[in-house]
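S.K.: Provided below: upload24.tsv, containing TSV, C-alpha atoms.
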```tsv
chain	number	residue	atom	x	y	z
P	1	MET	CA	-3.70	-7.25	-13.63
P	2	SER	CA	-3.04	-10.58	-15.32
P	3	ALA	CA	-4.46	-13.83	-14.07
P	4	SER	CA	-0.92	-15.01	-13.33
P	5	GLN	CA	-0.57	-12.52	-10.51
P	6	THR	CA	-1.91	-13.08	-7.01
P	7	ALA	CA	-3.92	-10.07	-5.89
P	8	LEU	CA	-3.71	-8.86	-2.30
P	9	PRO	CA	-5.23	-5.81	-0.60
P	10	SER	CA	-3.45	-2.60	-1.57
P	11	SER	CA	-2.09	0.11	0.72
P	12	ILE	CA	-1.06	3.75	0.41
P	13	ALA	CA	2.46	4.91	-0.36
P	14	VAL	CA	2.69	7.99	1.89
P	15	PRO	CA	0.50	9.84	4.41
P	16	VAL	CA	-2.33	11.94	3.02
P	17	ASP	CA	-4.61	14.61	4.55
P	18	HIS	CA	-8.02	15.92	3.53
P	19	GLU	CA	-10.45	18.42	5.05
P	20	LEU	CA	-14.23	18.27	4.73
P	21	VAL	CA	-16.52	21.01	6.08
P	22	VAL	CA	-20.16	20.12	6.79
P	23	LYS	CA	-22.46	22.74	8.37
P	24	LYS	CA	-19.48	24.50	9.94
P	25	SER	CA	-18.04	21.31	11.45
P	26	ARG	CA	-14.52	20.57	10.19
P	27	PHE	CA	-13.57	16.95	9.56
P	28	LEU	CA	-9.79	16.57	9.19
P	29	ALA	CA	-8.86	13.17	7.78
P	30	HIS	CA	-5.31	11.87	8.22
P	31	LEU	CA	-4.38	8.55	6.59
P	32	GLU	CA	-0.98	6.96	7.10
P	33	PRO	CA	0.60	3.64	6.08
P	34	VAL	CA	1.51	1.42	9.06
P	35	GLY	CA	2.98	-2.04	9.51
P	36	SER	CA	1.39	-2.96	12.84
P	37	VAL	CA	-1.34	-2.03	15.30
P	38	GLU	CA	1.36	-0.51	17.51
P	39	GLN	CA	2.46	1.83	14.71
P	40	ALA	CA	-1.18	2.76	14.14
P	41	GLU	CA	-1.62	3.61	17.81
P	42	ALA	CA	1.45	5.85	17.65
P	43	VAL	CA	-0.08	7.72	14.68
P	44	ILE	CA	-3.37	8.12	16.56
P	45	ALA	CA	-1.53	9.48	19.60
P	46	GLN	CA	0.33	11.99	17.43
P	47	VAL	CA	-2.89	13.24	15.83
P	48	ARG	CA	-4.49	13.62	19.26
P	49	LYS	CA	-1.50	15.63	20.42
P	50	GLN	CA	-1.51	17.82	17.32
P	51	HIS	CA	-5.24	18.54	17.54
P	52	TRP	CA	-5.57	18.49	21.31
P	53	ASP	CA	-8.44	20.99	21.27
P	54	ALA	CA	-10.74	18.98	18.98
P	55	ARG	CA	-13.84	17.22	20.26
P	56	HIS	CA	-13.44	13.86	18.52
P	57	HIS	CA	-10.67	11.76	16.96
P	58	CYS	CA	-12.41	8.82	15.29
P	59	VAL	CA	-10.38	5.90	14.01
P	60	ALA	CA	-10.38	3.03	11.55
P	61	LEU	CA	-7.38	0.79	10.96
P	62	VAL	CA	-6.64	-2.30	8.92
P	63	VAL	CA	-3.38	-4.27	9.29
P	64	GLY	CA	-1.95	-7.46	7.82
P	65	PRO	CA	-1.22	-8.85	4.34
P	66	GLN	CA	-4.79	-10.17	4.14
P	67	ALA	CA	-6.32	-7.31	6.20
P	68	GLY	CA	-6.71	-9.68	9.14
P	69	GLN	CA	-6.66	-7.06	11.93
P	70	GLN	CA	-9.38	-4.42	11.82
P	71	ARG	CA	-10.42	-1.92	14.48
P	72	SER	CA	-12.54	1.21	14.74
P	73	SER	CA	-13.53	3.80	17.31
P	74	ASP	CA	-16.32	6.39	17.43
P	75	ASP	CA	-14.48	8.37	20.16
P	76	GLY	CA	-17.61	9.81	21.71
P	77	GLU	CA	-19.74	10.16	18.59
P	78	PRO	CA	-23.03	8.17	18.58
P	79	ALA	CA	-22.32	4.46	18.19
P	80	GLY	CA	-21.86	3.36	14.60
P	81	THR	CA	-21.72	6.85	13.09
P	82	ALA	CA	-17.95	7.30	12.68
P	83	GLY	CA	-15.46	4.48	13.11
P	84	VAL	CA	-17.44	1.73	11.38
P	85	PRO	CA	-18.37	3.88	8.35
P	86	MET	CA	-14.70	4.87	8.05
P	87	LEU	CA	-13.68	1.21	8.24
P	88	GLU	CA	-16.25	0.30	5.58
P	89	VAL	CA	-14.57	2.73	3.17
P	90	LEU	CA	-11.21	1.00	3.71
P	91	ARG	CA	-12.84	-2.41	3.25
P	92	HIS	CA	-14.73	-1.36	0.13
P	93	ARG	CA	-11.52	-0.13	-1.47
P	94	ASP	CA	-9.71	-3.35	-0.50
P	95	LEU	CA	-6.95	-1.69	1.53
P	96	THR	CA	-4.69	-2.78	4.37
P	97	ASP	CA	-1.74	-1.62	6.48
P	98	LEU	CA	-3.04	1.87	7.08
P	99	VAL	CA	-4.77	3.89	9.77
P	100	ALA	CA	-7.38	6.60	9.23
P	101	VAL	CA	-7.99	9.25	11.89
P	102	VAL	CA	-10.74	11.82	11.37
P	103	THR	CA	-10.59	14.76	13.77
P	104	ARG	CA	-13.80	16.75	14.19
P	105	TYR	CA	-14.02	20.36	15.23
P	106	PHE	CA	-17.70	20.87	16.10
P	107	GLY	CA	-19.35	23.76	14.28
P	108	GLY	CA	-22.37	24.20	16.51
P	109	VAL	CA	-24.92	22.45	14.25
P	110	LEU	CA	-26.02	18.88	14.96
P	111	LEU	CA	-25.71	16.67	11.87
P	112	GLY	CA	-27.78	13.67	12.95
P	113	ALA	CA	-26.71	10.06	12.60
P	114	GLY	CA	-26.97	10.00	8.82
P	115	GLY	CA	-25.08	13.25	8.49
P	116	LEU	CA	-22.27	11.97	10.69
P	117	VAL	CA	-21.97	8.72	8.72
P	118	ARG	CA	-21.74	10.66	5.46
P	119	ALA	CA	-19.23	13.14	6.87
P	120	TYR	CA	-16.83	10.62	8.43
P	121	SER	CA	-16.95	8.21	5.50
P	122	GLY	CA	-16.72	11.10	3.04
P	123	ALA	CA	-13.64	12.52	4.76
P	124	VAL	CA	-11.84	9.18	4.45
P	125	ALA	CA	-12.98	8.68	0.85
P	126	GLY	CA	-11.80	12.17	-0.05
P	127	ALA	CA	-8.37	11.47	1.41
P	128	LEU	CA	-8.12	8.18	-0.47
P	129	ASP	CA	-9.01	9.93	-3.72
P	130	ARG	CA	-5.82	11.96	-3.24
P	131	ALA	CA	-3.62	9.05	-2.12
P	132	ARG	CA	-0.99	7.24	-4.17
P	133	LEU	CA	-1.76	3.56	-3.88
P	134	VAL	CA	0.67	0.68	-3.48
P	135	ARG	CA	-0.38	-2.52	-5.22
P	136	ARG	CA	0.73	-5.76	-3.58
P	137	GLU	CA	1.49	-9.12	-5.12
P	138	ILE	CA	3.14	-12.39	-4.17
P	139	LEU	CA	6.26	-12.71	-6.32
P	140	THR	CA	9.06	-15.29	-6.39
P	141	GLU	CA	12.74	-14.37	-6.36
P	142	VAL	CA	14.82	-15.71	-9.25
P	143	THR	CA	18.59	-15.29	-9.60
P	144	MET	CA	21.06	-16.08	-12.35
P	145	ASP	CA	24.77	-15.44	-12.83
P	146	ALA	CA	26.39	-14.24	-16.04
P	147	SER	CA	29.92	-13.44	-17.13
P	148	PRO	CA	30.88	-9.80	-17.68
P	149	ALA	CA	30.86	-10.43	-21.43
P	150	GLU	CA	27.24	-11.61	-21.32
P	151	ALA	CA	26.00	-9.20	-18.66
P	152	GLY	CA	25.12	-6.17	-20.78
P	153	ARG	CA	22.96	-8.06	-23.24
P	154	LEU	CA	21.29	-10.08	-20.48
P	155	ASP	CA	20.62	-6.96	-18.43
P	156	ASN	CA	18.63	-5.35	-21.25
P	157	TRP	CA	16.77	-8.55	-22.01
P	158	LEU	CA	15.77	-9.13	-18.37
P	159	ARG	CA	14.53	-5.54	-18.00
P	160	GLU	CA	12.26	-5.99	-20.99
P	161	TRP	CA	11.12	-9.43	-19.86
P	162	ALA	CA	10.18	-8.18	-16.38
P	163	ALA	CA	8.28	-5.20	-17.78
P	164	SER	CA	6.19	-7.40	-20.08
P	165	HIS	CA	5.51	-10.26	-17.65
P	166	GLY	CA	4.54	-8.47	-14.44
P	167	GLY	CA	7.94	-8.93	-12.85
P	168	VAL	CA	10.23	-6.57	-10.96
P	169	TRP	CA	13.82	-6.05	-12.10
P	170	THR	CA	16.49	-5.10	-9.55
P	171	GLU	CA	20.04	-3.82	-9.95
P	172	PRO	CA	22.57	-6.63	-10.53
P	173	VAL	CA	25.33	-7.36	-8.02
P	174	TRP	CA	28.80	-7.32	-9.54
P	175	THR	CA	31.66	-9.53	-8.37
P	176	ALA	CA	33.69	-11.77	-10.66
P	177	THR	CA	30.35	-12.38	-12.35
P	178	ALA	CA	27.12	-10.40	-12.53
P	179	ARG	CA	24.28	-11.75	-10.39
P	180	PHE	CA	20.85	-10.77	-11.68
P	181	ARG	CA	17.74	-10.90	-9.52
P	182	LEU	CA	14.12	-10.73	-10.66
P	183	LEU	CA	10.87	-10.94	-8.74
P	184	VAL	CA	8.50	-12.99	-10.87
P	185	PRO	CA	4.80	-13.97	-10.68
P	186	PRO	CA	4.79	-17.66	-9.75
P	187	ALA	CA	2.77	-18.62	-12.82
P	188	ALA	CA	5.44	-17.07	-15.07
P	189	LEU	CA	8.39	-19.06	-13.69
P	190	GLY	CA	8.15	-21.76	-16.34
P	191	THR	CA	7.96	-19.17	-19.10
P	192	LEU	CA	11.05	-17.43	-17.74
P	193	ALA	CA	13.04	-20.66	-17.59
P	194	ASP	CA	12.12	-21.56	-21.18
P	195	GLU	CA	12.85	-18.10	-22.55
P	196	VAL	CA	16.16	-17.74	-20.68
P	197	ALA	CA	17.23	-21.12	-22.06
P	198	ALA	CA	16.35	-20.00	-25.59
P	199	PHE	CA	18.01	-16.61	-25.12
P	200	SER	CA	21.28	-18.09	-23.79
P	201	ALA	CA	21.30	-21.32	-25.81
P	202	GLY	CA	21.03	-23.22	-22.53
P	203	ALA	CA	24.01	-21.52	-20.89
P	204	LEU	CA	21.98	-19.77	-18.16
P	205	VAL	CA	19.77	-21.51	-15.60
P	206	PRO	CA	17.45	-19.41	-13.38
P	207	VAL	CA	17.58	-20.37	-9.69
P	208	THR	CA	14.22	-20.08	-7.94
P	209	GLY	CA	14.16	-18.72	-4.39
P	210	GLU	CA	11.48	-17.74	-1.90
P	211	SER	CA	8.14	-16.06	-2.56
P	212	ARG	CA	7.08	-12.96	-0.66
P	213	VAL	CA	4.70	-10.01	-0.68
P	214	VAL	CA	6.04	-7.12	-2.78
P	215	ASP	CA	4.84	-3.51	-2.84
P	216	ILE	CA	4.42	-2.09	-6.34
P	217	PRO	CA	3.54	1.66	-6.42
P	218	ASP	CA	0.81	2.67	-8.86
P	219	GLY	CA	1.69	5.76	-10.84
P	220	PRO	CA	4.59	8.21	-10.43
P	221	ALA	CA	6.23	8.83	-7.08
```
Now, as a test, write the supplied structure out as structure tokens.
M.R.:
Amino acid sequence: MSASQTALPSSIAVPVDHELVVKKSRFLAHLEPVGSVEQAEAVIAQVRKQHWDARHHCVALVVGPQAGQQRSSDDGEPAGTAGVPMLEVLRHRDLTDLVAVVTRYFGGVLLGAGGLVRAYSGAVAGALDRARLVRREILTEVTMDASPAEAGRLDNWLREWAASHGGVWTEPVWTATARFRLLVPPAALGTLADEVAAFSAGALVPVTGESRVVDIPDGPA
């Protein structure tokens, strides 16, 4: 990631599941992206309903652009052996806007405090190893209008510019003119303005809009 981009905690693109077996106990990890604590609670309720016969459903959740809301639950396991270790995995990997639920089916063998910590944290880590991450950045919207005669050449140029400067290109909107929209790292706005002016001989002027958090998937969908 370039220094011009503002790094935020990442998230996951889609739900992911992972099973870990330790001394006959099954630890079923379910991780799901959420946008609020209420959505996280709905996911937890669904997992409890699905695995109604399990002994424990331990939870860790992190919500907010800066991971400002964090909660965990041991759900009957010895204090500090489940929810907090799960939460530490999410913190260590710098993640937000997701909930992790680890359902335990007891296998008849006690694992001890250390064994439980390793099992619950390992189940979450194993799920994250399989997850497709979503990188997040603060980008600024930039628009510019071009005539139909200029649109094709500008379209290709803007695609290439976005790809090489950490920006995000979006499909233009066509009316009497073509309106192009890019999402640009704030530190690259000056570069864009200068290079658009050079490209169009001063005919095009980028209009800067609002900045916002943008999800950028890592890797193929």
S.K.: Taking all atoms listed in the file into account, name the residue in P:Ala198, P:Glu32, P:Thr208, P:Ala60 that is nearest to Gln46 in chain P.
M.R.: P:Glu32
S.K.: Give me, as CSV, each residue of range 158-219 of chain P that comes within 6 Å of range 121-141 of chain P, together with its shortest interatomic pair and the distance in Å at one decimal, counting only C-alpha atoms, with rows ordered by chain and rising residue number.
M.R.:
```
residue,atom,partner,partner_atom,distance
P:Leu182,CA,P:Glu141,CA,5.8
P:Leu183,CA,P:Glu141,CA,4.6
P:Val184,CA,P:Thr140,CA,5.1
P:Pro185,CA,P:Leu139,CA,4.8
P:Pro186,CA,P:Thr140,CA,5.9
P:Gly209,CA,P:Glu141,CA,5.0
P:Glu210,CA,P:Thr140,CA,5.7
P:Ser211,CA,P:Thr140,CA,4.0
P:Arg212,CA,P:Ile138,CA,5.3
P:Val213,CA,P:Ile138,CA,4.5
P:Val214,CA,P:Glu137,CA,5.5
P:Asp215,CA,P:Arg136,CA,4.7
P:Ile216,CA,P:Arg135,CA,4.9
P:Pro217,CA,P:Val134,CA,4.2
P:Asp218,CA,P:Leu133,CA,5.7
```
S.K.: Let me make sure I understand: among P:Gly64, P:Ala113, P:Leu154, P:Val102, which one has the smallest atom-to-atom distance to Ala178 in chain P if we use all atoms listed in the file?
M.R.: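 Looking at the shortest contact to Ala178 in chain P, the residue is P:Leu154.
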S.K.: Out of P:Leu204, P:Val117, P:Ala187, P:Val89, which residue has the shortest atom-to-atom distance to Met144 in chain P when counting only C-alpha atoms?
M.R.: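 Closest residue, counting only C-alpha atoms: P:Leu204.
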S.K.: Compare P:Tyr105, P:Tyr120, P:Phe199, P:Trp52 by their minimum atom-to-atom distance to Asp74 in chain P, counting only C-alpha atoms, and give me the closest one.
M.R.: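 Selected residue with least distance to Asp74 in chain P: P:Tyr120.
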S.K.: Pick from P:Leu98, P:Val173, P:Asn156, P:Ser25: nearest to Gln39 in chain P, with only C-alpha atoms counted?
M.R.: P:Leu98
S.K.: Kindly output range 90-101 of chain P as a PDB file, in the coordinates of the input, after building all heavy atoms.
M.R.:
```pdb
ATOM      1  N   LEU P  90     -12.476   1.721   3.905  1.00  0.00           N
ATOM      2  CA  LEU P  90     -11.210   1.000   3.710  1.00  0.00           C
ATOM      3  C   LEU P  90     -11.475  -0.409   3.184  1.00  0.00           C
ATOM      4  O   LEU P  90     -10.773  -0.890   2.290  1.00  0.00           O
ATOM      5  CB  LEU P  90     -10.431   0.932   5.019  1.00  0.00           C
ATOM      6  CG  LEU P  90     -10.100   2.270   5.697  1.00  0.00           C
ATOM      7  CD1 LEU P  90      -9.241   2.026   6.936  1.00  0.00           C
ATOM      8  CD2 LEU P  90      -9.417   3.226   4.749  1.00  0.00           C
ATOM      9  N   ARG P  91     -12.506  -1.070   3.725  1.00  0.00           N
ATOM     10  CA  ARG P  91     -12.840  -2.410   3.250  1.00  0.00           C
ATOM     11  C   ARG P  91     -13.309  -2.381   1.797  1.00  0.00           C
ATOM     12  O   ARG P  91     -12.901  -3.217   0.984  1.00  0.00           O
ATOM     13  CB  ARG P  91     -13.940  -3.005   4.125  1.00  0.00           C
ATOM     14  CG  ARG P  91     -13.521  -3.393   5.526  1.00  0.00           C
ATOM     15  CD  ARG P  91     -14.743  -3.744   6.344  1.00  0.00           C
ATOM     16  NE  ARG P  91     -14.417  -4.257   7.673  1.00  0.00           N
ATOM     17  CZ  ARG P  91     -15.298  -4.329   8.664  1.00  0.00           C
ATOM     18  NH1 ARG P  91     -16.546  -3.927   8.482  1.00  0.00           N
ATOM     19  NH2 ARG P  91     -14.936  -4.820   9.841  1.00  0.00           N
ATOM     20  N   HIS P  92     -14.169  -1.444   1.486  1.00  0.00           N
ATOM     21  CA  HIS P  92     -14.730  -1.360   0.130  1.00  0.00           C
ATOM     22  C   HIS P  92     -13.641  -1.141  -0.905  1.00  0.00           C
ATOM     23  O   HIS P  92     -13.735  -1.658  -2.030  1.00  0.00           O
ATOM     24  CB  HIS P  92     -15.750  -0.219   0.075  1.00  0.00           C
ATOM     25  CG  HIS P  92     -16.356  -0.024  -1.282  1.00  0.00           C
ATOM     26  ND1 HIS P  92     -17.260  -0.895  -1.829  1.00  0.00           N
ATOM     27  CD2 HIS P  92     -16.162   0.945  -2.212  1.00  0.00           C
ATOM     28  CE1 HIS P  92     -17.604  -0.485  -3.036  1.00  0.00           C
ATOM     29  NE2 HIS P  92     -16.960   0.630  -3.291  1.00  0.00           N
ATOM     30  N   ARG P  93     -12.617  -0.397  -0.530  1.00  0.00           N
ATOM     31  CA  ARG P  93     -11.520  -0.130  -1.470  1.00  0.00           C
ATOM     32  C   ARG P  93     -10.413  -1.188  -1.390  1.00  0.00           C
ATOM     33  O   ARG P  93      -9.384  -1.050  -2.040  1.00  0.00           O
ATOM     34  CB  ARG P  93     -10.954   1.270  -1.225  1.00  0.00           C
ATOM     35  CG  ARG P  93     -12.000   2.359  -1.388  1.00  0.00           C
ATOM     36  CD  ARG P  93     -11.431   3.601  -1.960  1.00  0.00           C
ATOM     37  NE  ARG P  93     -12.391   4.696  -1.973  1.00  0.00           N
ATOM     38  CZ  ARG P  93     -12.144   5.889  -2.493  1.00  0.00           C
ATOM     39  NH1 ARG P  93     -10.956   6.146  -3.037  1.00  0.00           N
ATOM     40  NH2 ARG P  93     -13.050   6.841  -2.472  1.00  0.00           N
ATOM     41  N   ASP P  94     -10.625  -2.215  -0.589  1.00  0.00           N
ATOM     42  CA  ASP P  94      -9.710  -3.350  -0.500  1.00  0.00           C
ATOM     43  C   ASP P  94      -8.301  -2.906  -0.120  1.00  0.00           C
ATOM     44  O   ASP P  94      -7.323  -3.138  -0.832  1.00  0.00           O
ATOM     45  CB  ASP P  94      -9.677  -4.114  -1.827  1.00  0.00           C
ATOM     46  CG  ASP P  94      -9.085  -5.512  -1.683  1.00  0.00           C
ATOM     47  OD1 ASP P  94      -9.082  -6.044  -0.558  1.00  0.00           O
ATOM     48  OD2 ASP P  94      -8.618  -6.067  -2.696  1.00  0.00           O
ATOM     49  N   LEU P  95      -8.209  -2.260   1.052  1.00  0.00           N
ATOM     50  CA  LEU P  95      -6.950  -1.690   1.530  1.00  0.00           C
ATOM     51  C   LEU P  95      -6.526  -2.351   2.837  1.00  0.00           C
ATOM     52  O   LEU P  95      -7.346  -2.873   3.589  1.00  0.00           O
ATOM     53  CB  LEU P  95      -7.093  -0.186   1.737  1.00  0.00           C
ATOM     54  CG  LEU P  95      -7.380   0.636   0.489  1.00  0.00           C
ATOM     55  CD1 LEU P  95      -7.776   2.057   0.861  1.00  0.00           C
ATOM     56  CD2 LEU P  95      -6.177   0.646  -0.437  1.00  0.00           C
ATOM     57  N   THR P  96      -5.227  -2.284   3.110  1.00  0.00           N
ATOM     58  CA  THR P  96      -4.690  -2.780   4.370  1.00  0.00           C
ATOM     59  C   THR P  96      -3.449  -1.981   4.741  1.00  0.00           C
ATOM     60  O   THR P  96      -2.971  -1.151   3.971  1.00  0.00           O
ATOM     61  CB  THR P  96      -4.373  -4.283   4.296  1.00  0.00           C
ATOM     62  OG1 THR P  96      -4.090  -4.763   5.626  1.00  0.00           O
ATOM     63  CG2 THR P  96      -3.179  -4.555   3.396  1.00  0.00           C
ATOM     64  N   ASP P  97      -2.950  -2.257   5.951  1.00  0.00           N
ATOM     65  CA  ASP P  97      -1.740  -1.620   6.480  1.00  0.00           C
ATOM     66  C   ASP P  97      -1.825  -0.097   6.423  1.00  0.00           C
ATOM     67  O   ASP P  97      -0.914   0.581   5.939  1.00  0.00           O
ATOM     68  CB  ASP P  97      -0.497  -2.128   5.740  1.00  0.00           C
ATOM     69  CG  ASP P  97      -0.120  -3.541   6.175  1.00  0.00           C
ATOM     70  OD1 ASP P  97      -0.654  -3.998   7.205  1.00  0.00           O
ATOM     71  OD2 ASP P  97       0.686  -4.190   5.498  1.00  0.00           O
ATOM     72  N   LEU P  98      -2.920   0.429   6.934  1.00  0.00           N
ATOM     73  CA  LEU P  98      -3.040   1.870   7.080  1.00  0.00           C
ATOM     74  C   LEU P  98      -4.013   2.178   8.214  1.00  0.00           C
ATOM     75  O   LEU P  98      -4.844   1.351   8.596  1.00  0.00           O
ATOM     76  CB  LEU P  98      -3.508   2.544   5.794  1.00  0.00           C
ATOM     77  CG  LEU P  98      -4.991   2.485   5.423  1.00  0.00           C
ATOM     78  CD1 LEU P  98      -5.324   3.561   4.393  1.00  0.00           C
ATOM     79  CD2 LEU P  98      -5.344   1.125   4.867  1.00  0.00           C
ATOM     80  N   VAL P  99      -3.877   3.388   8.743  1.00  0.00           N
ATOM     81  CA  VAL P  99      -4.770   3.890   9.770  1.00  0.00           C
ATOM     82  C   VAL P  99      -5.383   5.193   9.289  1.00  0.00           C
ATOM     83  O   VAL P  99      -4.707   6.004   8.642  1.00  0.00           O
ATOM     84  CB  VAL P  99      -4.032   4.086  11.118  1.00  0.00           C
ATOM     85  CG1 VAL P  99      -2.880   5.082  10.988  1.00  0.00           C
ATOM     86  CG2 VAL P  99      -5.002   4.532  12.209  1.00  0.00           C
ATOM     87  N   ALA P 100      -6.668   5.355   9.564  1.00  0.00           N
ATOM     88  CA  ALA P 100      -7.380   6.600   9.230  1.00  0.00           C
ATOM     89  C   ALA P 100      -7.871   7.231  10.532  1.00  0.00           C
ATOM     90  O   ALA P 100      -8.538   6.569  11.335  1.00  0.00           O
ATOM     91  CB  ALA P 100      -8.561   6.310   8.310  1.00  0.00           C
ATOM     92  N   VAL P 101      -7.518   8.488  10.730  1.00  0.00           N
ATOM     93  CA  VAL P 101      -7.990   9.250  11.890  1.00  0.00           C
ATOM     94  C   VAL P 101      -8.724  10.468  11.356  1.00  0.00           C
ATOM     95  O   VAL P 101      -8.156  11.243  10.574  1.00  0.00           O
ATOM     96  CB  VAL P 101      -6.824   9.700  12.796  1.00  0.00           C
ATOM     97  CG1 VAL P 101      -7.381  10.378  14.050  1.00  0.00           C
ATOM     98  CG2 VAL P 101      -5.933   8.524  13.161  1.00  0.00           C
TER      99      VAL P 101
END
```
